[in-house]
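Participant: Can you read through this structure? Questions will come right after.
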Amino acid sequence: MSQPVTPPQGRPREIWTRFTVDPLATPLAAWLARSRHVTPNRVTGVAILLAVGSATCFALDAYRLGGLLFILRFFVDCLDGKVARAQGTSSARGAVLDLAADVGGIALVVASLSWSLLRHDDVAQFVPVGLLGAMVFYNWVLAYRKQLAGQLGLGEGGADHTRSVNVPVVRQWVSWCRRLNMSPVPWALEAEIGMLGLAPLFLPSEWVGVGLAVGLCFYVLADAVNMLRLWRVAGLTDRARATTTQDGA
C-alpha cells in the first residue's frame, strides 16, 4: 500500500497561478522590488487600472482586448504581494487595498461584460443575475468558513489535502500536485480566468456568453461544496462551545 504524501507547508497554489504566473512574476517582482519608485500599493494601482480598462473594453464590445487586460490584471494583482514580501513592506492596509481592488475589479468586469452580452442578446438574462448572486454568496461562505475554522485552529477549513487517493492515475496527479504545493483541481480563480479572460480572448463574441453560463454552473457547485464545509465547521464550533460551557460549569 502506498503511503500518503505529506503536503508542503502553506496554502496550495492554484493551477493557473503555479504554471502561468509564478514562473515570470517571481523573478519580475524581485527585480521591481529593487527600485525605490516601485511600491506594493502602486502595483495594486496598476491592477485597478487594468480592471477598469478591461471593463471599459467589454462595455465597448472589444472582447478580445478586454479578455487580455483581465488576464494581465490578475498577473499584476499577484505582483503586489510578491513585491511587498521582497521589500519587507507587507502591511494590513496593503492587504486590505489588494483585497478591495481584487473584489471590486472582478465585480466591475463581470457587470460590464454581462451588460454588453445582454445588450446584444448573447446570453439569457438569468445567467449574469445568477452568476453575480452566486459569486456574492461564494465570497460570504468562504470568508465565514475561514473565520470559524481559524478560531478552531483548522486553518481555512477546506479540503483535506493529506487524504490518500486509490485511483492510480488520480493518485499520481494528486501526489505530483502535493509536491508542487498546488491544488489538484481548478477552482474559483480558474473559473474567473476562463469566463472573463480566455473566453472573451479566444471565442467568437456570440459564444462569450457560454463562458458566463459555465461560470454560473461552477459557482453553484462551489457554493454547495463550501456550504457543506461551512456546515461541518459550524458543527465543530458548536461542539467546542458546548464543551467549554460544560468545563466552566
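Going through the C-alpha cells in order, the chains are called A, B, and so on, while each chain numbers its residues from 1 and the ligands are numbered from 1 in the order shown.
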Out of range 3-232 of chain A, which residues get helix (DSSP H, G or I) from DSSP, as a PyMOL selection string?
Facilitator: chain A and resi 15-32+40-59+63-87+92-119+126-152+168-179+188-202+205-232
Participant: Mind checking which residues fall within 6 Å of range 17-30 of chain A, counting only C-alpha atoms, ignoring those fewer than 5 positions away in the same chain, and posting them as an mmCIF file with N, CA and C atoms, in the first residue's frame?
Facilitator:
data_model
loop_
_atom_site.group_PDB
_atom_site.id
_atom_site.type_symbol
_atom_site.label_atom_id
_atom_site.label_comp_id
_atom_site.auth_asym_id
_atom_site.auth_seq_id
_atom_site.Cartn_x
_atom_site.Cartn_y
_atom_site.Cartn_z
ATOM 1 N N LEU A 79 1.588 40.360 -8.402
ATOM 2 C CA LEU A 79 2.895 41.005 -8.222
ATOM 3 C C LEU A 79 2.984 41.804 -6.926
ATOM 4 N N LYS A 82 4.100 39.830 -3.941
ATOM 5 C CA LYS A 82 5.481 39.380 -4.101
ATOM 6 C C LYS A 82 6.459 40.531 -3.897
ATOM 7 N N VAL A 83 6.113 41.714 -4.415
ATOM 8 C CA VAL A 83 6.959 42.889 -4.217
ATOM 9 C C VAL A 83 7.016 43.254 -2.740
#
Participant: Give me the residues within 12 Å of Trp140 in chain A as an NGL selection string, counting only C-alpha atoms and dropping any in the same chain fewer than 6 places off.
Facilitator: :A and (103 or 133-134 or 146-147 or 223 or 226-227 or 230)
Participant: Mind dumping the selected residues with all heavy atoms as an mmCIF file, in the first residue's frame?
Facilitator:
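Wrote it out as selection.cif, contents follow:
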data_model
loop_
_atom_site.group_PDB
_atom_site.id
_atom_site.type_symbol
_atom_site.label_atom_id
_atom_site.label_comp_id
_atom_site.auth_asym_id
_atom_site.auth_seq_id
_atom_site.Cartn_x
_atom_site.Cartn_y
_atom_site.Cartn_z
ATOM 1 N N VAL A 103 -11.679 42.235 -5.394
ATOM 2 C CA VAL A 103 -13.125 42.001 -5.387
ATOM 3 C C VAL A 103 -13.853 43.054 -6.223
ATOM 4 O O VAL A 103 -14.720 42.731 -7.055
ATOM 5 C CB VAL A 103 -13.666 41.994 -3.946
ATOM 6 C CG1 VAL A 103 -15.191 41.875 -3.946
ATOM 7 C CG2 VAL A 103 -13.052 40.846 -3.151
ATOM 8 N N GLY A 133 -25.127 36.723 -8.105
ATOM 9 C CA GLY A 133 -25.623 36.243 -6.822
ATOM 10 C C GLY A 133 -24.793 35.099 -6.280
ATOM 11 O O GLY A 133 -24.462 35.056 -5.087
ATOM 12 N N ALA A 134 -24.419 34.163 -7.157
ATOM 13 C CA ALA A 134 -23.627 33.007 -6.732
ATOM 14 C C ALA A 134 -22.233 33.431 -6.287
ATOM 15 O O ALA A 134 -21.671 32.859 -5.342
ATOM 16 C CB ALA A 134 -23.534 31.991 -7.874
ATOM 17 N N LYS A 146 -13.662 30.398 6.784
ATOM 18 C CA LYS A 146 -12.290 30.644 7.230
ATOM 19 C C LYS A 146 -12.270 31.227 8.641
ATOM 20 O O LYS A 146 -11.390 30.891 9.443
ATOM 21 C CB LYS A 146 -11.589 31.591 6.259
ATOM 22 C CG LYS A 146 -11.282 30.975 4.902
ATOM 23 C CD LYS A 146 -10.588 31.977 3.994
ATOM 24 C CE LYS A 146 -10.251 31.364 2.645
ATOM 25 N NZ LYS A 146 -9.566 32.340 1.749
ATOM 26 N N GLN A 147 -13.234 32.101 8.936
ATOM 27 C CA GLN A 147 -13.292 32.704 10.269
ATOM 28 C C GLN A 147 -13.524 31.642 11.340
ATOM 29 O O GLN A 147 -12.795 31.592 12.346
ATOM 30 C CB GLN A 147 -14.402 33.750 10.319
ATOM 31 C CG GLN A 147 -14.599 34.372 11.700
ATOM 32 C CD GLN A 147 -15.788 35.312 11.744
ATOM 33 O OE1 GLN A 147 -16.215 35.842 10.717
ATOM 34 N NE2 GLN A 147 -16.346 35.513 12.914
ATOM 35 N N ASP A 223 -20.573 26.750 -4.410
ATOM 36 C CA ASP A 223 -21.367 27.194 -3.261
ATOM 37 C C ASP A 223 -21.880 26.001 -2.462
ATOM 38 O O ASP A 223 -21.884 26.028 -1.219
ATOM 39 C CB ASP A 223 -22.544 28.041 -3.735
ATOM 40 C CG ASP A 223 -22.122 29.440 -4.153
ATOM 41 O OD1 ASP A 223 -21.005 29.851 -3.797
ATOM 42 O OD2 ASP A 223 -22.909 30.115 -4.848
ATOM 43 N N ASN A 226 -18.847 24.466 -0.584
ATOM 44 C CA ASN A 226 -18.419 25.315 0.528
ATOM 45 C C ASN A 226 -19.462 25.382 1.632
ATOM 46 O O ASN A 226 -19.115 25.516 2.811
ATOM 47 C CB ASN A 226 -18.105 26.723 0.016
ATOM 48 C CG ASN A 226 -16.671 26.858 -0.444
ATOM 49 O OD1 ASN A 226 -15.745 26.419 0.234
ATOM 50 N ND2 ASN A 226 -16.475 27.448 -1.596
ATOM 51 N N MET A 227 -20.744 25.286 1.261
ATOM 52 C CA MET A 227 -21.777 25.290 2.291
ATOM 53 C C MET A 227 -21.696 24.029 3.138
ATOM 54 O O MET A 227 -21.864 24.079 4.360
ATOM 55 C CB MET A 227 -23.161 25.401 1.629
ATOM 56 C CG MET A 227 -24.277 25.700 2.620
ATOM 57 S SD MET A 227 -24.043 27.292 3.450
ATOM 58 C CE MET A 227 -25.022 27.050 4.940
ATOM 59 N N LEU A 230 -18.761 24.563 5.407
ATOM 60 C CA LEU A 230 -19.118 25.506 6.458
ATOM 61 C C LEU A 230 -20.022 24.843 7.489
ATOM 62 O O LEU A 230 -19.870 25.062 8.696
ATOM 63 C CB LEU A 230 -19.813 26.723 5.844
ATOM 64 C CG LEU A 230 -20.378 27.756 6.831
ATOM 65 C CD1 LEU A 230 -19.280 28.312 7.728
ATOM 66 C CD2 LEU A 230 -21.080 28.884 6.081
#
Participant: Go through A:Ala92, A:Leu68, A:Ile48, A:Leu32 one by one, measure the shortest atom-to-atom distance of each to Pro200 in chain A using only C-alpha atoms, and give the residue with the smallest value.
Facilitator: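 Using only C-alpha atoms, Pro200 in chain A sits closest to A:Leu68.
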Participant: Hey, which of A:Gln151, A:Ser116, A:Ser175, A:Gln125 ends up closest to Val208 in chain A? Count only C-alpha atoms.
Facilitator: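 Closest candidate: A:Ser116.
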Participant: With only C-alpha atoms as the counted atoms, please give the residues lying no more than 9 Å from Leu198 in chain A, apart from itself and same-chain residues fewer than 6 positions off, as a list in words.
Facilitator: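 Returned residues: Arg64, Gly67, Leu68, Ile71 and Gly211 of chain A.
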Participant: What's the separation between CA of Gly155 in chain A and CA of Arg85 in chain A, in Å to one decimal place?
Facilitator: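 Rounded to one decimal, the two atoms are 21.5 Å apart.
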